[in-house]
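As structure tokens, the structure follows; a few thoughts come after it.
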Amino acid sequence: MTGRVLVTRLGHMVLVVLAVMTIAFFVLRLATGDPARLVNPPGTPENIIAQTRAQIGTDRSLPVQYLTYLGDAVRGDLGTSFRGAQSVGRTVMAALPNTLSLAGLAILFSAAIALVLGALAAWRPGGLFDRLVLGYAALAQATAPFWLAVMLILVFSLRLRMFPAIDMSSWRSFVLPVTTLVVALSPVLTRTARQSFLETLNEPYIKAARARGLPNWRVFAVHGVKSASMPIITLIGLQLGFLLAGAVVVEAIFNWPGIGKLILDSLASRDFPMIQGGILVAAVVFVVMNFVVDLLYTLLDPRVRAGQT
Amino acid sequence: MSDVVAAAAEQSAPKSTRAGRDVGRRILRSPLAMLGLVGTLLVLAAAVLAPWLSPHDPTSQNLAHILAPPIWAEGGTAEHLLGTDGLGRDVASRLLHGARNSLFVAVAAMLIGSGLGLVTGLVAGFFGGRVEALIMRLGDVQLAFPFILLAIAILGVVADRSALHLILVLGIPGWIIYARVVRSRVLAEREKEYVQAARAVGAGSWRRLFRYVFPSVWQVVPVIALLDVGFLIIMESTLAFLGLGLPPPSPTWGGILAEGRRNMVVSPWLPVLPGLAILVTVLSINLFGDGLAAVIDPRLRRGGMRRILPPSLTAASWHDPGTAARDESSPAWPVATGEGAPLLQVRDLRIDFPATESTVHAVRGIDFDLRRGETLGVVGESGSGKSVTATAILQLLDPPGRVSTGQILLDGEDLARASNRRMAQLRGRQLGMIFQNPAASLNPVLTIGYQMREALRQVTGCTRKEAAERSHRALLDVGIPDPARVARQYPFELSGGMNQRVMIAMALAASPRVLLADEPTTALDTTTQAQILRRLVDLTEEHEISLVLITHDIAVVAEYADTVMVLYAGEVCEYGPVRQVVDDPRHPYTRALLESVPRVETADERLVPIPGDLPDPRAQRTGCPFAARCPEVMDVCREVKPPRFDIGGRHDAACHLWAPDRVAGSKP
Ligand code: SF4
């Protein structure tokens, strides 16, 4: 990636984050009534509400609020929560690693599973294993992640008591939420992996490699996997949004102290700065992960690396 | 998820609109797709008829009768088939109404997304330029946007959430998937328009464009729409589960599950049932959608590693009519054994590509020898069977191609009957091959050096370092000045000539005994061609490698080969020492080939084509394959297949002109 491409790319990322911030800000303010009223219990005297309004800054005009928000954000200040005086920045940053570890593990495992299952299925299309893999993909794709999470809890936590259902304590806490996300992510990845294996195997260079005397397993494992992993990486980039949605659900169900849960909780209490902070950080993570995916792709494909297409 | 579908659909442009007609028929024949269709229709019926099917009002509470078990559990009653929930509401009725709500929201959202996408896609495709760039850019931005979080935020804070909010939030982001497909279809049709009319699309063409675009769009959009609905049902349920779906008391699957979860210790079926409903619904829709996609584009199911392995020629699969069908008049090709036997002896080789309707007989019983150290030139136009013969020797025929009869004897070992494992041992070590298109024959994502070392280590079992040294030398040998740099490069970074040299170096590095070079210099300029061929021939002589040089250019053979074999439509026309054949060609086809070689160096280096077409490769053949194009055709040519008449001095020609009685008669 050349310097100019990099700069354009970074500019693009900043723009996306800015767009998310802007839309989030206005959607939150236009969609609801007065947060000062919502923050206080019903029947609070008007003067107290006015006081709250001044305190949280909603007494100023929208453009002023927006510009203040942007200005503060640029300086790294995401404001303070409407309820209590927690710093949004600190709260969000505390939640971030929990979401990242969940999402990261989910991506790793589903990519690995997709490559292995896709490769084995492509070895003999229409064979028993292929049909099993496709069957799994079809079932997993039709499974609602939240339902699966609840079922896992029902079986493994309540019945078998193997894994904890809520909170993060040890590695065991990761098992059920990560499984849920992997089942949600892997079907599309697996099908794509299988497909790209099938396509790769028809390439002339596969035949040429075999003509050179390479055994089939090696042609498959080295030449096939290397070529077939490219579409997977692209696809992971495209699935990040879906993963984010999955993370929100999983965090809500497993009471996981991550960004998703933070946003959900803040929604209920109309804690705008907290919601905005959560969305902002999620947006940053999202564009950075997309960027990393592109970098990875570049690293793996020399043609892209050289700036060709 | 639908991006993948869209991408697949984009690539799989159905070739003709006629394909649409038998979609229905083929769906009926696919059991899974049928299952999906039936399931989808059942769910649809349940959703539409929910108010009449439901035994109870889904919202009426009965606190006296809460958490009743379903009928199959202990204490279940027919009154509440699936039991009641925590507020005493009938679960069956709630699930039915949940289907109604879920499907309504998902289908409405899909319609909004597809409608938007259709319009924007058409606009982008038709107008092109700035409008198109803007629309596509907008799509990119949206895909780079964590839209789902915003959706959650919007639904979470919106003053009084209604079905409309839900539909809009779920539906709008889907537009880009449809827009991309529609746009690419429009572009594809416009392309055709341009080619056909060779002018800008005028006003009259717009209508025609619509006529062509819509049928092809209608083939893809339903598939995407179906899979989209499946996805939207899950999203809708997820939002409902999070408490962001339809406002209560509307029953939704996600909502039932969320409520059921609270009581799941006492009534585990409460959370189980709605999930199953979702599973069955989405699975049915997806199966139907996949079935539809497969019917529209059957290519997606082809290929595979096992498929590219040739079926091993076991006794069962080995039918032997070839020996019977073989001409008794050509016993001139007995298998030689012992000291002076040729290195490679091919006997009555027949290669078929079976298809459902008819089999292509690509090679129809050819015999030839390759002596030790010899360079055999194989000449023929495309379709003559020359490349197929070479691939068959390595047992690398593309499926469904197979050697149906015959022998390929390498030092007496029959390669046609060798196991896959044995062939893998022979390839590289004993048999090398240079393919037509060097750039495509090298893996684009691995360096030249890696691919050379990988093969060398595999074949010779040498160490990494030795392999590096040997490939270094091999690259130097073929005239690559700085092998160290080239080894670090990727195929796309090298010119065609360089890649060709690399391919030759790769094939030679392992010193095979037989090297098959299939058009090793096509797509190169004449000077480079000559250089590379010279190098190749010199090196094979140096390393005592027997070379089979396959080309369409008889001039190349005349210059570099010792022996020549002329192939036509899968049969041998003429075979013999190169000087004899070139100076005194006997077969009319060989003569035509020699005459078509451009005498003067013209800008266009290709052969002057011989008028006429190749005979149908699927047809049974009687008589001479060249009869239709032969200037000297006689009556006997159409009825009797000419055997290979001996001319003398290892030279033979399969032509009735050289029948001994005829030759004797004309020359008293
Ligand atoms: S056999 Fe007859 S048709 Fe065939 S090449 Fe000879 S003369 Fe021509």
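Scheme for the structure tokens: letters A, B, ... for chains in order shown; per-chain residue numbers from 1; ligand numbers from 1 in order shown.
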Go through the chains and note each residue within 7 Å of ligand 1, using only C-alpha atoms and all ligand atoms, then give the set as a list in words.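 Checking only C-alpha atoms and all ligand atoms against ligand 1 at 7 Å gives His587, Pro588, Tyr589, Cys624, Pro625, Phe626, Ala627, Cys630, Pro631, Glu632, Val633, Met634, Cys637, Pro642, Ala654, Cys655, His656 and Leu657 of chain B.
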With all heavy atoms kept, could you save the residues just selected as a short mmCIF file (atom, residue, chain, number, x, y, z; two decimals), in the first residue's frame?
data_model
loop_
_atom_site.label_atom_id
_atom_site.label_comp_id
_atom_site.auth_asym_id
_atom_site.auth_seq_id
_atom_site.Cartn_x
_atom_site.Cartn_y
_atom_site.Cartn_z
N HIS B 587 0.46 -36.83 -47.18
CA HIS B 587 -0.96 -36.65 -46.84
C HIS B 587 -1.43 -35.27 -47.30
O HIS B 587 -0.74 -34.27 -47.05
CB HIS B 587 -1.13 -36.80 -45.33
CG HIS B 587 -2.56 -37.01 -44.91
ND1 HIS B 587 -3.47 -36.00 -44.90
CD2 HIS B 587 -3.21 -38.13 -44.50
CE1 HIS B 587 -4.64 -36.48 -44.49
NE2 HIS B 587 -4.51 -37.78 -44.24
N PRO B 588 -2.57 -35.18 -47.96
CA PRO B 588 -3.04 -33.86 -48.42
C PRO B 588 -3.14 -32.84 -47.29
O PRO B 588 -2.90 -31.65 -47.51
CB PRO B 588 -4.42 -34.17 -48.99
CG PRO B 588 -4.35 -35.60 -49.39
CD PRO B 588 -3.43 -36.27 -48.41
N TYR B 589 -3.45 -33.30 -46.07
CA TYR B 589 -3.54 -32.35 -44.96
C TYR B 589 -2.16 -31.79 -44.61
O TYR B 589 -2.01 -30.58 -44.37
CB TYR B 589 -4.16 -33.03 -43.74
CG TYR B 589 -4.27 -32.10 -42.54
CD1 TYR B 589 -5.03 -30.94 -42.61
CD2 TYR B 589 -3.58 -32.38 -41.36
CE1 TYR B 589 -5.11 -30.08 -41.53
CE2 TYR B 589 -3.66 -31.54 -40.27
CZ TYR B 589 -4.43 -30.38 -40.36
OH TYR B 589 -4.50 -29.54 -39.30
N CYS B 624 -12.30 -41.27 -44.18
CA CYS B 624 -11.19 -40.39 -43.81
C CYS B 624 -11.72 -39.13 -43.13
O CYS B 624 -12.66 -38.50 -43.64
CB CYS B 624 -10.40 -40.02 -45.06
SG CYS B 624 -9.19 -38.72 -44.76
N PRO B 625 -11.14 -38.74 -42.02
CA PRO B 625 -11.64 -37.54 -41.32
C PRO B 625 -11.47 -36.27 -42.14
O PRO B 625 -12.20 -35.31 -41.96
CB PRO B 625 -10.78 -37.50 -40.05
CG PRO B 625 -9.57 -38.31 -40.36
CD PRO B 625 -10.02 -39.37 -41.32
N PHE B 626 -10.53 -36.28 -43.07
CA PHE B 626 -10.21 -35.07 -43.81
C PHE B 626 -11.02 -34.95 -45.10
O PHE B 626 -10.92 -33.96 -45.82
CB PHE B 626 -8.71 -35.06 -44.14
CG PHE B 626 -8.18 -33.75 -44.62
CD1 PHE B 626 -8.38 -32.58 -43.89
CD2 PHE B 626 -7.47 -33.65 -45.81
CE1 PHE B 626 -7.89 -31.36 -44.32
CE2 PHE B 626 -6.97 -32.43 -46.25
CZ PHE B 626 -7.18 -31.29 -45.51
N ALA B 627 -11.86 -35.96 -45.35
CA ALA B 627 -12.55 -36.05 -46.64
C ALA B 627 -13.28 -34.76 -47.00
O ALA B 627 -13.22 -34.31 -48.14
CB ALA B 627 -13.51 -37.23 -46.64
N CYS B 630 -10.68 -32.26 -48.21
CA CYS B 630 -9.55 -32.72 -49.00
C CYS B 630 -9.73 -32.40 -50.49
O CYS B 630 -10.77 -32.70 -51.07
CB CYS B 630 -9.38 -34.22 -48.82
SG CYS B 630 -7.99 -34.87 -49.76
N PRO B 631 -8.73 -31.78 -51.11
CA PRO B 631 -8.85 -31.46 -52.54
C PRO B 631 -8.77 -32.71 -53.42
O PRO B 631 -9.17 -32.66 -54.57
CB PRO B 631 -7.65 -30.53 -52.79
CG PRO B 631 -6.69 -30.81 -51.69
CD PRO B 631 -7.48 -31.28 -50.52
N GLU B 632 -8.26 -33.81 -52.86
CA GLU B 632 -8.06 -34.99 -53.69
C GLU B 632 -9.00 -36.12 -53.30
O GLU B 632 -8.71 -37.29 -53.54
CB GLU B 632 -6.61 -35.46 -53.60
CG GLU B 632 -5.67 -34.38 -54.10
CD GLU B 632 -4.22 -34.80 -54.00
OE1 GLU B 632 -3.86 -35.79 -54.66
OE2 GLU B 632 -3.48 -34.17 -53.24
N VAL B 633 -10.09 -35.75 -52.66
CA VAL B 633 -10.98 -36.76 -52.12
C VAL B 633 -11.51 -37.70 -53.21
O VAL B 633 -11.79 -37.27 -54.34
CB VAL B 633 -12.15 -36.09 -51.35
CG1 VAL B 633 -12.96 -35.19 -52.26
CG2 VAL B 633 -13.03 -37.11 -50.68
N MET B 634 -11.59 -38.99 -52.87
CA MET B 634 -12.10 -39.99 -53.80
C MET B 634 -13.30 -40.66 -53.14
O MET B 634 -13.56 -40.45 -51.96
CB MET B 634 -11.02 -41.04 -54.09
CG MET B 634 -9.75 -40.43 -54.64
SD MET B 634 -8.38 -41.59 -54.63
CE MET B 634 -7.99 -41.75 -52.92
N CYS B 637 -12.65 -42.70 -50.00
CA CYS B 637 -12.30 -41.92 -48.80
C CYS B 637 -13.48 -41.79 -47.85
O CYS B 637 -13.31 -41.75 -46.64
CB CYS B 637 -11.82 -40.54 -49.21
SG CYS B 637 -10.45 -40.57 -50.36
N PRO B 642 -8.86 -44.77 -44.03
CA PRO B 642 -7.55 -45.14 -44.55
C PRO B 642 -6.60 -45.57 -43.43
O PRO B 642 -6.45 -44.83 -42.45
CB PRO B 642 -7.05 -43.84 -45.20
CG PRO B 642 -7.79 -42.75 -44.52
CD PRO B 642 -9.10 -43.32 -44.09
N ALA B 654 -1.80 -41.80 -43.53
CA ALA B 654 -3.12 -42.42 -43.50
C ALA B 654 -3.97 -41.82 -44.60
O ALA B 654 -4.81 -40.97 -44.36
CB ALA B 654 -3.76 -42.23 -42.13
N CYS B 655 -3.72 -42.27 -45.81
CA CYS B 655 -4.43 -41.69 -46.93
C CYS B 655 -4.52 -42.71 -48.04
O CYS B 655 -3.52 -43.37 -48.36
CB CYS B 655 -3.70 -40.43 -47.41
SG CYS B 655 -4.33 -39.81 -48.97
N HIS B 656 -5.70 -42.82 -48.63
CA HIS B 656 -5.91 -43.84 -49.66
C HIS B 656 -5.05 -43.63 -50.89
O HIS B 656 -4.86 -44.54 -51.68
CB HIS B 656 -7.39 -43.87 -50.06
CG HIS B 656 -8.25 -44.48 -49.00
ND1 HIS B 656 -8.06 -45.76 -48.56
CD2 HIS B 656 -9.30 -44.00 -48.30
CE1 HIS B 656 -8.95 -46.04 -47.63
NE2 HIS B 656 -9.72 -44.96 -47.44
N LEU B 657 -4.55 -42.42 -51.05
CA LEU B 657 -3.66 -42.18 -52.19
C LEU B 657 -2.44 -43.08 -52.14
O LEU B 657 -1.82 -43.33 -53.16
CB LEU B 657 -3.21 -40.71 -52.19
CG LEU B 657 -4.26 -39.65 -52.50
CD1 LEU B 657 -3.69 -38.27 -52.27
CD2 LEU B 657 -4.75 -39.80 -53.94
#
Show me, as a tab-separated table, the residues of chain A having an atom within 6 Å of chain B, each with the closest atom pair and its distance in Å, using only C-alpha atoms.
residue	atom	partner	partner_atom	distance
A:Ala31	CA	B:Val158	CA	4.7
A:Thr32	CA	B:Ala159	CA	5.0
A:Ala122	CA	B:Gly304	CA	5.3
A:Trp123	CA	B:Met305	CA	4.8
A:Arg124	CA	B:Arg306	CA	5.0
A:Pro125	CA	B:Gly304	CA	5.7
A:Ala142	CA	B:Val282	CA	5.0
A:Thr143	CA	B:Leu279	CA	5.3
A:Ala144	CA	B:Ile234	CA	5.6
A:Trp147	CA	B:Gly275	CA	5.5
A:Leu198	CA	B:Gly304	CA	5.2
A:Pro204	CA	B:Ser441	CA	5.3
A:Tyr205	CA	B:Ser441	CA	3.9
A:Ala208	CA	B:Ser441	CA	5.4
A:Ala211	CA	B:Arg427	CA	5.6
A:Arg212	CA	B:Gly428	CA	4.5
A:Gly213	CA	B:Gly428	CA	4.3
A:Pro215	CA	B:Ala424	CA	5.9
A:Gly241	CA	B:Pro146	CA	5.4
A:Leu267	CA	B:Gly156	CA	5.7
A:Asp301	CA	B:Val445	CA	5.7
A:Pro302	CA	B:Val445	CA	6.0
Residues within 9 Å of stretch 410-413 of chain B, only C-alpha atoms, excluding chain neighbours under 5 positions, as a JSON list (two decimals) with all heavy atoms, in the first residue's frame:
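Just written: around-v9.json:
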[["chain", "number", "residue", "atom", "x", "y", "z"],
["B", 335, "VAL", "N", 3.86, -53.72, -29.73],
["B", 335, "VAL", "CA", 4.62, -53.19, -28.60],
["B", 335, "VAL", "C", 6.01, -53.79, -28.62],
["B", 335, "VAL", "O", 6.17, -55.01, -28.64],
["B", 335, "VAL", "CB", 3.92, -53.52, -27.27],
["B", 335, "VAL", "CG1", 4.79, -53.11, -26.10],
["B", 335, "VAL", "CG2", 2.58, -52.84, -27.22],
["B", 336, "ALA", "N", 7.02, -52.92, -28.66],
["B", 336, "ALA", "CA", 8.40, -53.38, -28.66],
["B", 336, "ALA", "C", 8.88, -53.53, -27.23],
["B", 336, "ALA", "O", 8.48, -52.78, -26.35],
["B", 336, "ALA", "CB", 9.28, -52.40, -29.41],
["B", 337, "THR", "N", 9.69, -54.55, -27.01],
["B", 337, "THR", "CA", 10.27, -54.73, -25.68],
["B", 337, "THR", "C", 11.77, -54.89, -25.81],
["B", 337, "THR", "O", 12.28, -55.04, -26.93],
["B", 337, "THR", "CB", 9.69, -55.97, -24.98],
["B", 337, "THR", "OG1", 9.74, -57.05, -25.90],
["B", 337, "THR", "CG2", 8.26, -55.74, -24.51],
["B", 341, "ALA", "N", 13.96, -50.75, -27.32],
["B", 341, "ALA", "CA", 12.55, -50.32, -27.35],
["B", 341, "ALA", "C", 12.46, -48.81, -27.13],
["B", 341, "ALA", "O", 13.21, -48.24, -26.34],
["B", 341, "ALA", "CB", 11.76, -51.05, -26.28],
["B", 342, "PRO", "N", 11.51, -48.14, -27.81],
["B", 342, "PRO", "CA", 11.34, -46.70, -27.59],
["B", 342, "PRO", "C", 10.97, -46.41, -26.13],
["B", 342, "PRO", "O", 10.37, -47.25, -25.46],
["B", 342, "PRO", "CB", 10.20, -46.33, -28.52],
["B", 342, "PRO", "CG", 10.13, -47.43, -29.52],
["B", 342, "PRO", "CD", 10.61, -48.66, -28.82],
["B", 343, "LEU", "N", 11.31, -45.22, -25.69],
["B", 343, "LEU", "CA", 11.05, -44.84, -24.29],
["B", 343, "LEU", "C", 9.54, -44.80, -24.03],
["B", 343, "LEU", "O", 9.05, -45.33, -23.05],
["B", 343, "LEU", "CB", 11.66, -43.46, -24.05],
["B", 343, "LEU", "CG", 11.49, -42.85, -22.67],
["B", 343, "LEU", "CD1", 12.06, -43.79, -21.63],
["B", 343, "LEU", "CD2", 12.20, -41.51, -22.62],
["B", 344, "LEU", "N", 8.83, -44.17, -24.94],
["B", 344, "LEU", "CA", 7.39, -44.04, -24.77],
["B", 344, "LEU", "C", 6.70, -44.65, -25.98],
["B", 344, "LEU", "O", 7.03, -44.31, -27.13],
["B", 344, "LEU", "CB", 7.02, -42.55, -24.66],
["B", 344, "LEU", "CG", 5.57, -42.22, -24.37],
["B", 344, "LEU", "CD1", 5.22, -42.58, -22.93],
["B", 344, "LEU", "CD2", 5.31, -40.73, -24.60],
["B", 345, "GLN", "N", 5.79, -45.59, -25.72],
["B", 345, "GLN", "CA", 5.05, -46.18, -26.82],
["B", 345, "GLN", "C", 3.57, -45.99, -26.55],
["B", 345, "GLN", "O", 3.06, -46.45, -25.54],
["B", 345, "GLN", "CB", 5.36, -47.67, -26.92],
["B", 345, "GLN", "CG", 6.83, -47.99, -27.10],
["B", 345, "GLN", "CD", 7.05, -49.48, -27.27],
["B", 345, "GLN", "OE1", 6.66, -50.09, -28.26],
["B", 345, "GLN", "NE2", 7.66, -50.08, -26.27],
["B", 346, "VAL", "N", 2.91, -45.29, -27.45],
["B", 346, "VAL", "CA", 1.48, -45.08, -27.29],
["B", 346, "VAL", "C", 0.78, -45.96, -28.32],
["B", 346, "VAL", "O", 1.13, -45.94, -29.50],
["B", 346, "VAL", "CB", 1.12, -43.59, -27.50],
["B", 346, "VAL", "CG1", -0.38, -43.38, -27.52],
["B", 346, "VAL", "CG2", 1.75, -42.76, -26.39],
["B", 418, "ALA", "N", -1.97, -46.95, -14.54],
["B", 418, "ALA", "CA", -1.23, -46.68, -13.30],
["B", 418, "ALA", "C", -2.15, -46.05, -12.26],
["B", 418, "ALA", "O", -3.09, -45.33, -12.61],
["B", 418, "ALA", "CB", -0.05, -45.76, -13.59],
["B", 430, "GLN", "N", 9.73, -38.40, -13.94],
["B", 430, "GLN", "CA", 9.88, -39.06, -15.23],
["B", 430, "GLN", "C", 9.23, -38.25, -16.34],
["B", 430, "GLN", "O", 9.71, -38.23, -17.44],
["B", 430, "GLN", "CB", 9.21, -40.44, -15.16],
["B", 430, "GLN", "CG", 9.69, -41.30, -14.04],
["B", 430, "GLN", "CD", 10.79, -42.24, -14.48],
["B", 430, "GLN", "OE1", 10.88, -42.59, -15.64],
["B", 430, "GLN", "NE2", 11.65, -42.61, -13.56]]
When you draw a straight line from atom CA of A:Thr179 to atom CA of A:Val222, how long is it in Å?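 Interatomic distance here is 28.3 Å.
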Using only C-alpha atoms, which of the listed residues (A:Gly277, A:Val285, A:Leu296, A:Gly260) sits closest to A:Gly89? A:Gly277
For each of B:Val186, B:Ala163, B:Val486, B:Leu82, take the minimum atom-to-atom distance to B:Gly125, counting only C-alpha atoms, then give the residue where this is smallest.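 Nearest to B:Gly125: B:Val186.
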Which residues are near A:Gly57? Cut-off 10 Å, only C-alpha atoms, ignore same chain within fewer than 6 positions. Put them as a PyMOL selection string. chain A and resi 36+51+64-65+68+82
Compile the contact shell of B:Thr551 as an mmCIF file with N, CA and C atoms, in the first residue's frame: residues with an atom at most 8 Å away, counting only C-alpha atoms, same-chain residues fewer than 4 positions apart removed.
data_model
loop_
_atom_site.group_PDB
_atom_site.id
_atom_site.type_symbol
_atom_site.label_atom_id
_atom_site.label_comp_id
_atom_site.auth_asym_id
_atom_site.auth_seq_id
_atom_site.Cartn_x
_atom_site.Cartn_y
_atom_site.Cartn_z
ATOM 1 N N GLY B 377 7.766 -33.811 -32.879
ATOM 2 C CA GLY B 377 6.872 -32.677 -33.053
ATOM 3 C C GLY B 377 5.471 -33.181 -33.334
ATOM 4 N N VAL B 378 4.507 -32.687 -32.559
ATOM 5 C CA VAL B 378 3.115 -33.060 -32.808
ATOM 6 C C VAL B 378 2.406 -31.833 -33.361
ATOM 7 N N VAL B 379 1.913 -31.917 -34.567
ATOM 8 C CA VAL B 379 1.289 -30.768 -35.215
ATOM 9 C C VAL B 379 -0.186 -31.021 -35.435
ATOM 10 N N GLY B 380 -0.955 -29.972 -35.321
ATOM 11 C CA GLY B 380 -2.379 -30.071 -35.603
ATOM 12 C C GLY B 380 -3.048 -28.780 -35.221
ATOM 13 N N ASP B 518 3.609 -28.114 -24.481
ATOM 14 C CA ASP B 518 2.392 -27.813 -25.235
ATOM 15 C C ASP B 518 2.409 -26.347 -25.653
ATOM 16 N N GLU B 519 2.627 -26.095 -26.903
ATOM 17 C CA GLU B 519 2.705 -24.721 -27.427
ATOM 18 C C GLU B 519 3.534 -23.854 -26.486
ATOM 19 N N VAL B 556 7.670 -24.653 -36.989
ATOM 20 C CA VAL B 556 8.417 -24.879 -35.757
ATOM 21 C C VAL B 556 8.929 -26.308 -35.717
ATOM 22 N N VAL B 557 8.045 -27.239 -36.071
ATOM 23 C CA VAL B 557 8.421 -28.642 -36.067
ATOM 24 C C VAL B 557 9.550 -28.887 -37.061
#
Please extract the residues of stretch 72-283 of chain B with a backbone DSSP assignment of alpha helix (DSSP H) and present them as a ChimeraX atom specification. /B:91-127,129-143,147-157,163-171,175-197,203-241,253-262,269-283
Please measure the separation of atom CA of A:Leu70 and atom CA of A:Ile23, giving the value in Å to one decimal.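 Between atom CA of A:Leu70 and atom CA of A:Ile23 the gap works out to 12.2 Å.
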Non-local contacts of A:Ala193 (8 Å; only C-alpha atoms; under 4 positions in same chain excluded) as a PDB file with N, CA and C atoms, in the first residue's frame:
ATOM      1  N   ALA A 114     -14.276 -22.463   9.054  1.00  0.00           N
ATOM      2  CA  ALA A 114     -14.728 -22.327   7.668  1.00  0.00           C
ATOM      3  C   ALA A 114     -13.701 -22.910   6.709  1.00  0.00           C
ATOM      4  N   LEU A 115     -12.428 -22.611   6.948  1.00  0.00           N
ATOM      5  CA  LEU A 115     -11.391 -23.110   6.043  1.00  0.00           C
ATOM      6  C   LEU A 115     -11.329 -24.631   6.075  1.00  0.00           C
ATOM      7  N   GLY A 118     -14.701 -26.079   4.770  1.00  0.00           N
ATOM      8  CA  GLY A 118     -14.830 -25.771   3.348  1.00  0.00           C
ATOM      9  C   GLY A 118     -13.890 -26.629   2.516  1.00  0.00           C
ATOM     10  N   ALA A 119     -12.669 -26.792   3.001  1.00  0.00           N
ATOM     11  CA  ALA A 119     -11.686 -27.598   2.267  1.00  0.00           C
ATOM     12  C   ALA A 119     -12.133 -29.054   2.215  1.00  0.00           C
ATOM     13  N   LEU A 189     -19.233 -18.104   5.937  1.00  0.00           N
ATOM     14  CA  LEU A 189     -17.799 -18.264   5.687  1.00  0.00           C
ATOM     15  C   LEU A 189     -17.502 -19.652   5.134  1.00  0.00           C
ATOM     16  N   PHE A 197     -12.664 -22.901  -2.826  1.00  0.00           N
ATOM     17  CA  PHE A 197     -11.841 -24.086  -3.053  1.00  0.00           C
ATOM     18  C   PHE A 197     -12.206 -24.712  -4.388  1.00  0.00           C
ATOM     19  N   ALA A 228      -7.680 -19.889  -1.550  1.00  0.00           N
ATOM     20  CA  ALA A 228      -9.062 -19.876  -1.083  1.00  0.00           C
ATOM     21  C   ALA A 228      -9.241 -19.008   0.155  1.00  0.00           C
ATOM     22  N   SER A 229      -8.146 -18.676   0.838  1.00  0.00           N
ATOM     23  CA  SER A 229      -8.319 -17.893   2.062  1.00  0.00           C
ATOM     24  C   SER A 229      -8.587 -16.419   1.751  1.00  0.00           C
ATOM     25  N   PRO A 231     -10.857 -14.927  -0.391  1.00  0.00           N
ATOM     26  CA  PRO A 231     -12.267 -14.527  -0.291  1.00  0.00           C
ATOM     27  C   PRO A 231     -12.766 -14.555   1.144  1.00  0.00           C
ATOM     28  N   ILE A 232     -12.222 -15.468   1.954  1.00  0.00           N
ATOM     29  CA  ILE A 232     -12.644 -15.541   3.344  1.00  0.00           C
ATOM     30  C   ILE A 232     -12.319 -14.243   4.063  1.00  0.00           C
TER      31      ILE A 232
END
Report the residues of stretch 263-460 of chain B whose backbone DSSP state falls under strand (DSSP E), written as a ChimeraX atom specification. /B:344-353,360-370,375-379,402-410,413-414,431-434
Please list as a ChimeraX atom specification every residue within 8 Å of stretch 166-181 of chain B, counting only C-alpha atoms and excluding residues in the same chain fewer than 4 positions away. /B:2-3,6-7,9-10,105-106,108-122,136,139,142,147,151,155,161-162,185,217,220-221,224,232,235-236,245-246
Minimum-distance residue to A:Ala24, chosen among A:Ile253, A:Leu148, A:Ala283, A:Val292 (using only C-alpha atoms): A:Ala283
